[in-house]
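Just start.csv here, CSV, C-alpha atoms:
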```
chain,number,residue,atom,x,y,z
T,1,MET,CA,-0.1,18.8,1.0
T,2,GLY,CA,-2.3,18.2,4.1
T,3,GLU,CA,-3.9,21.7,3.9
T,4,PHE,CA,-4.4,21.2,0.1
T,5,LEU,CA,-6.3,17.9,0.6
T,6,ALA,CA,-8.3,19.3,3.5
T,7,ARG,CA,-9.4,22.2,1.3
T,8,VAL,CA,-10.2,20.0,-1.7
T,9,PHE,CA,-12.5,17.7,0.3
T,10,GLY,CA,-13.8,20.5,2.5
T,11,GLY,CA,-12.4,18.8,5.6
T,12,ASN,CA,-14.6,15.7,4.9
T,13,SER,CA,-12.2,12.9,5.8
T,14,ILE,CA,-14.7,10.2,4.8
T,15,LEU,CA,-15.1,11.5,1.3
T,16,GLY,CA,-11.4,12.1,1.0
T,17,THR,CA,-10.5,8.6,2.1
T,18,LEU,CA,-13.2,7.0,-0.1
T,19,LEU,CA,-12.1,8.9,-3.3
T,20,ILE,CA,-8.4,8.6,-2.8
T,21,ALA,CA,-8.7,4.9,-2.3
T,22,MET,CA,-10.2,4.7,-5.8
T,23,LEU,CA,-7.0,6.1,-7.4
T,24,PRO,CA,-4.5,3.7,-9.0
T,25,LEU,CA,-1.2,3.3,-7.2
T,26,ILE,CA,-2.4,4.9,-4.0
T,27,GLU,CA,-5.5,2.8,-3.5
T,28,LEU,CA,-6.4,1.4,-0.1
T,29,LYS,CA,-2.7,1.1,1.1
T,30,GLY,CA,-2.3,4.9,1.0
T,31,ALA,CA,-5.9,5.8,1.8
T,32,ILE,CA,-5.9,4.1,5.2
T,33,PRO,CA,-3.0,6.1,6.8
T,34,LEU,CA,-4.2,9.2,5.0
T,35,GLY,CA,-7.7,8.9,6.4
T,36,MET,CA,-6.2,8.5,9.9
T,37,SER,CA,-3.9,11.5,9.6
T,38,ALA,CA,-4.6,14.1,12.2
T,39,SER,CA,-2.2,16.5,10.5
T,40,ILE,CA,-4.4,16.5,7.5
T,41,TRP,CA,-7.9,16.2,8.9
T,42,VAL,CA,-7.3,17.5,12.5
T,43,ALA,CA,-10.4,16.6,14.6
T,44,SER,CA,-12.1,15.0,11.6
T,45,ALA,CA,-9.4,12.3,11.3
T,46,LEU,CA,-10.9,8.8,11.1
T,47,THR,CA,-10.3,6.0,13.5
T,48,THR,CA,-8.2,3.1,12.3
T,49,TRP,CA,-11.2,0.9,11.5
T,50,GLN,CA,-13.2,3.8,10.0
T,51,ALA,CA,-10.3,4.4,7.7
T,52,PHE,CA,-10.2,0.7,6.8
T,53,CYS,CA,-13.9,0.5,6.0
T,54,TRP,CA,-14.1,3.6,3.8
T,55,ALA,CA,-10.8,2.9,2.0
T,56,LEU,CA,-11.9,-0.7,1.4
T,57,LEU,CA,-15.2,0.5,0.0
T,58,GLY,CA,-13.6,3.1,-2.3
T,59,SER,CA,-10.9,0.7,-3.6
T,60,CYS,CA,-13.4,-2.1,-4.2
T,61,LEU,CA,-15.8,0.1,-6.2
T,62,VAL,CA,-13.4,0.3,-9.1
T,63,VAL,CA,-13.1,-3.5,-9.4
T,64,PRO,CA,-16.2,-4.3,-11.5
T,65,PHE,CA,-15.6,-1.4,-13.8
T,66,VAL,CA,-12.0,-2.4,-14.5
T,67,ALA,CA,-13.1,-6.0,-14.9
T,68,LEU,CA,-15.7,-5.1,-17.5
T,69,LEU,CA,-13.7,-2.4,-19.4
T,70,PHE,CA,-10.1,-3.5,-19.4
T,71,ARG,CA,-10.3,-6.3,-22.0
T,72,PRO,CA,-12.1,-4.4,-24.7
T,73,ILE,CA,-9.9,-1.3,-24.2
T,74,TYR,CA,-6.8,-3.4,-24.1
T,75,ASN,CA,-7.7,-5.3,-27.3
T,76,TRP,CA,-8.5,-2.0,-29.0
T,77,ILE,CA,-5.3,-0.1,-28.2
T,78,LYS,CA,-2.6,-2.8,-27.8
T,79,ASP,CA,-1.9,-3.0,-31.6
T,80,LYS,CA,-2.1,0.7,-32.3
T,81,LYS,CA,1.3,2.2,-32.6
T,82,PHE,CA,0.5,5.4,-30.7
T,83,PHE,CA,-0.6,3.5,-27.6
T,84,LYS,CA,1.7,0.4,-27.8
T,85,THR,CA,4.5,1.9,-25.7
T,86,ILE,CA,2.0,3.0,-23.0
T,87,VAL,CA,0.3,-0.4,-23.0
T,88,ASP,CA,3.6,-2.2,-22.7
T,89,PHE,CA,4.7,0.1,-19.9
T,90,VAL,CA,1.5,-0.1,-17.9
T,91,VAL,CA,0.5,-3.8,-18.2
T,92,GLY,CA,3.5,-5.4,-19.9
T,93,ASP,CA,4.8,-7.2,-16.8
T,94,VAL,CA,1.3,-8.2,-15.8
T,95,ALA,CA,0.6,-9.6,-19.2
T,96,LYS,CA,3.9,-11.5,-19.3
T,97,ARG,CA,3.2,-13.0,-15.9
T,98,SER,CA,-0.3,-14.1,-16.9
T,99,ASP,CA,1.2,-15.8,-20.0
T,100,GLN,CA,3.7,-17.6,-17.8
T,101,ILE,CA,1.0,-18.9,-15.5
T,102,LYS,CA,-1.1,-20.1,-18.5
T,103,ALA,CA,1.9,-21.9,-20.0
T,104,GLU,CA,2.8,-23.5,-16.7
T,105,ASN,CA,-0.7,-24.8,-16.1
T,106,GLN,CA,-1.7,-25.9,-19.7
T,107,ASP,CA,-1.3,-29.6,-18.9
T,108,LYS,CA,-3.2,-29.5,-15.5
T,109,THR,CA,-6.8,-30.1,-15.1
T,110,ALA,CA,-9.2,-27.2,-15.6
T,111,ARG,CA,-10.3,-27.2,-12.0
T,112,ARG,CA,-6.8,-27.1,-10.6
T,113,THR,CA,-5.7,-24.5,-13.2
T,114,LEU,CA,-8.7,-22.3,-12.1
T,115,TRP,CA,-7.7,-22.5,-8.4
T,116,LEU,CA,-4.0,-21.8,-9.2
T,117,LYS,CA,-5.1,-18.7,-11.1
T,118,ILE,CA,-7.3,-17.6,-8.2
T,119,VAL,CA,-4.6,-18.0,-5.7
T,120,ALA,CA,-2.1,-16.1,-7.9
T,121,VAL,CA,-4.5,-13.1,-8.2
T,122,PHE,CA,-5.4,-13.2,-4.5
T,123,LEU,CA,-1.7,-13.2,-3.4
T,124,PHE,CA,-0.9,-10.5,-5.9
T,125,VAL,CA,-3.5,-8.1,-4.5
T,126,ALA,CA,-3.1,-9.1,-0.8
T,127,PHE,CA,0.6,-8.3,-0.6
T,128,PRO,CA,0.8,-4.6,0.5
T,129,VAL,CA,3.5,-3.2,-1.8
T,130,PRO,CA,3.4,-0.5,-4.5
T,131,LEU,CA,2.2,-1.4,-8.0
T,132,THR,CA,0.1,-4.3,-6.8
T,133,GLY,CA,-3.6,-3.8,-5.9
T,134,VAL,CA,-7.1,-3.8,-7.3
T,135,TRP,CA,-6.2,-2.0,-10.5
T,136,THR,CA,-3.3,-4.2,-11.6
T,137,GLY,CA,-4.8,-7.2,-9.9
T,138,THR,CA,-8.0,-7.0,-11.8
T,139,CYS,CA,-6.1,-6.5,-15.1
T,140,PHE,CA,-4.0,-9.5,-14.2
T,141,ALA,CA,-7.2,-11.6,-13.5
T,142,VAL,CA,-8.7,-10.5,-16.8
T,143,LEU,CA,-5.6,-11.5,-18.7
T,144,LEU,CA,-5.7,-14.9,-17.0
T,145,GLY,CA,-9.2,-15.5,-18.4
T,146,LEU,CA,-11.1,-15.5,-15.2
T,147,ASN,CA,-14.8,-14.7,-15.4
T,148,PHE,CA,-16.3,-11.5,-14.0
T,149,TRP,CA,-17.7,-12.8,-10.8
T,150,VAL,CA,-14.5,-14.8,-9.9
T,151,ILE,CA,-12.4,-11.7,-10.6
T,152,CYS,CA,-14.6,-9.5,-8.4
T,153,ALA,CA,-14.6,-12.0,-5.5
T,154,THR,CA,-10.9,-12.8,-5.7
T,155,VAL,CA,-9.7,-9.2,-6.0
T,156,ILE,CA,-12.0,-7.9,-3.3
T,157,ALA,CA,-10.9,-10.7,-0.9
T,158,GLY,CA,-7.2,-10.0,-1.6
T,159,ASN,CA,-7.9,-6.3,-1.2
T,160,ALA,CA,-9.5,-6.9,2.2
T,161,VAL,CA,-6.6,-8.9,3.4
T,162,CYS,CA,-4.2,-6.2,2.3
T,163,GLY,CA,-6.4,-3.6,4.1
T,164,VAL,CA,-6.3,-5.7,7.3
T,165,ILE,CA,-2.5,-5.8,7.2
T,166,VAL,CA,-2.1,-2.1,6.6
T,167,THR,CA,-4.7,-1.3,9.3
T,168,PHE,CA,-2.9,-3.6,11.8
T,169,VAL,CA,0.3,-1.7,11.2
T,170,CYS,CA,-1.4,1.6,11.6
T,171,GLN,CA,-3.2,0.3,14.8
T,172,VAL,CA,0.1,-0.8,16.3
T,173,PHE,CA,2.0,2.3,15.4
T,174,PRO,CA,-0.6,5.1,15.4
T,175,GLN,CA,1.9,7.8,16.3
T,176,ILE,CA,3.8,7.3,13.0
T,177,THR,CA,0.8,7.2,10.7
T,178,ASP,CA,2.0,10.3,8.8
T,179,ILE,CA,5.5,8.8,8.5
T,180,LEU,CA,4.0,5.5,7.1
T,181,LEU,CA,2.0,7.5,4.5
T,182,VAL,CA,5.2,9.4,3.4
T,183,ILE,CA,7.1,6.1,3.2
T,184,PHE,CA,4.4,4.5,1.1
T,185,LEU,CA,4.3,7.5,-1.3
T,186,LEU,CA,8.1,7.4,-1.6
T,187,LEU,CA,8.0,3.7,-2.3
T,188,ILE,CA,5.4,4.3,-5.1
T,189,LEU,CA,7.6,7.0,-6.6
T,190,ALA,CA,10.7,4.7,-6.4
T,191,ALA,CA,8.8,1.8,-7.9
T,192,VAL,CA,7.5,3.9,-10.8
T,193,ILE,CA,11.0,5.3,-11.5
T,194,THR,CA,12.5,1.8,-11.4
T,195,LYS,CA,9.8,0.6,-13.8
T,196,ILE,CA,10.5,3.4,-16.2
T,197,ILE,CA,14.3,2.8,-16.1
T,198,LEU,CA,13.8,-0.9,-16.7
T,199,HIS,CA,11.4,-0.2,-19.5
T,200,ILE,CA,13.9,2.1,-21.2
T,201,ILE,CA,16.7,-0.5,-20.8
T,202,LYS,CA,14.5,-3.2,-22.2
T,203,LYS,CA,13.4,-1.1,-25.1
T,204,HIS,CA,17.1,-0.2,-25.8
T,205,HIS,CA,18.1,-3.8,-25.8
T,206,HIS,CA,15.2,-4.7,-28.1
T,207,ASN,CA,16.2,-1.9,-30.6
T,208,GLU,CA,19.8,-3.2,-30.5
T,209,ASN,CA,18.7,-6.7,-31.3
T,210,CYS,CA,16.5,-5.7,-34.2
```

Spit out the file's structure as structure tokens when you get a sec.
Amino acid sequence: MGEFLARVFGGNSILGTLLIAMLPLIELKGAIPLGMSASIWVASALTTWQAFCWALLGSCLVVPFVALLFRPIYNWIKDKKFFKTIVDFVVGDVAKRSDQIKAENQDKTARRTLWLKIVAVFLFVAFPVPLTGVWTGTCFAVLLGLNFWVICATVIAGNAVCGVIVTFVCQVFPQITDILLVIFLLLILAAVITKIILHIIKKHHHNENC
């Protein structure tokens, strides 16, 4: 895998880190240890804070595009039978959580509700675990009804905190950076498989009740 990535990006660790950080699921959490990996980039491996800066930039670049495009795309495909299963699988949990937050805060003042939504999105993005990050966090913020600039500021702030946490771990344990990357990729795989299984079970129960 390391040789493959090095060949794809021509040994350019900055470009590799920047572009990989833009990918959903991997994002900044995987791009930081990847950018630091000497087994992939050899002498071109980035320092801890170089990896943080380039991964942060790459992951943040997608935020305004997702914020602008998610709502119209979601509205267009959510009721189409062909796409419904995909939509439910990808953003079903996020949409459900956003509806819960809206329901819980419908009797609160507008200002307080706004801040509760901002805090919810910030924490969702800042916590460095698989399936949370700028992609799902931005979709979450859009479904909560936050405006474009609030979405960008909140998601980017949460992403920066997430990056600092990951960078701190890589700084403290630089000798196991490759191991951390493998663990993170395995966690992503486990999370996706778990989500697929739960989605199948949920769909099965729904079909039985119909």

Which residue of T:Val66, T:Leu146, T:Ile40, T:Val134 approaches Gly158 in chain T most closely, using all atoms listed in the file: T:Val134

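The space separating CA of Phe184 in chain T from CA of Thr17 in chain T comes to 15.5 Å.
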
Nearest to Phe70 in chain T, chosen from T:Thr47, T:Thr136, T:Thr177, T:Ser37, with only C-alpha atoms counted in the distances: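 Closest residue, counting only C-alpha atoms: T:Thr136.
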
Contacts of Val164 in chain T at 10 Å (all atoms listed in the file; same-chain gap of 2+ positions) as a PyMOL selection string: chain T and resi 29+49+52-53+56+126+128+158-162+166-170

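Separating CA of Val192 in chain T from CA of Trp41 in chain T is a distance of 27.9 Å.
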
Between CA of Ser39 in chain T and CA of Ile179 in chain T, distance in Å (one decimal): 11.1 Å

For Gln50 in chain T, the nearest of the candidates T:Gly163, T:Leu25, T:Ala191, T:Gly137, counting all atoms listed in the file: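 Of T:Gly163, T:Leu25, T:Ala191, T:Gly137, the one nearest Gln50 in chain T, counting all atoms listed in the file, is T:Gly163.
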
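Minimum atom-to-atom distances from T:Leu131, T:Ile73, T:Ile32, T:Ile118 to Thr194 in chain T were compared using all atoms listed in the file, and the lowest value belongs to T:Leu131.
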
Among listed residues T:Gly133, T:Gly145, T:Pro174, T:Gly35, nearest Ser13 in chain T (using all atoms listed in the file): T:Gly35

Among listed residues T:Asp178, T:Ala38, T:Leu114, T:Ile26, nearest Ile151 in chain T (using all atoms listed in the file):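 Of the candidates, the smallest distance to Ile151 in chain T is held by T:Leu114.
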
Near-Thr138 in chain T list (12 Å; only C-alpha atoms; drop same-chain fewer than 2 positions) as number ranges by chain: T: 24, 59-71, 91, 94-95, 98, 118, 120-122, 124-125, 132-136, 140-159
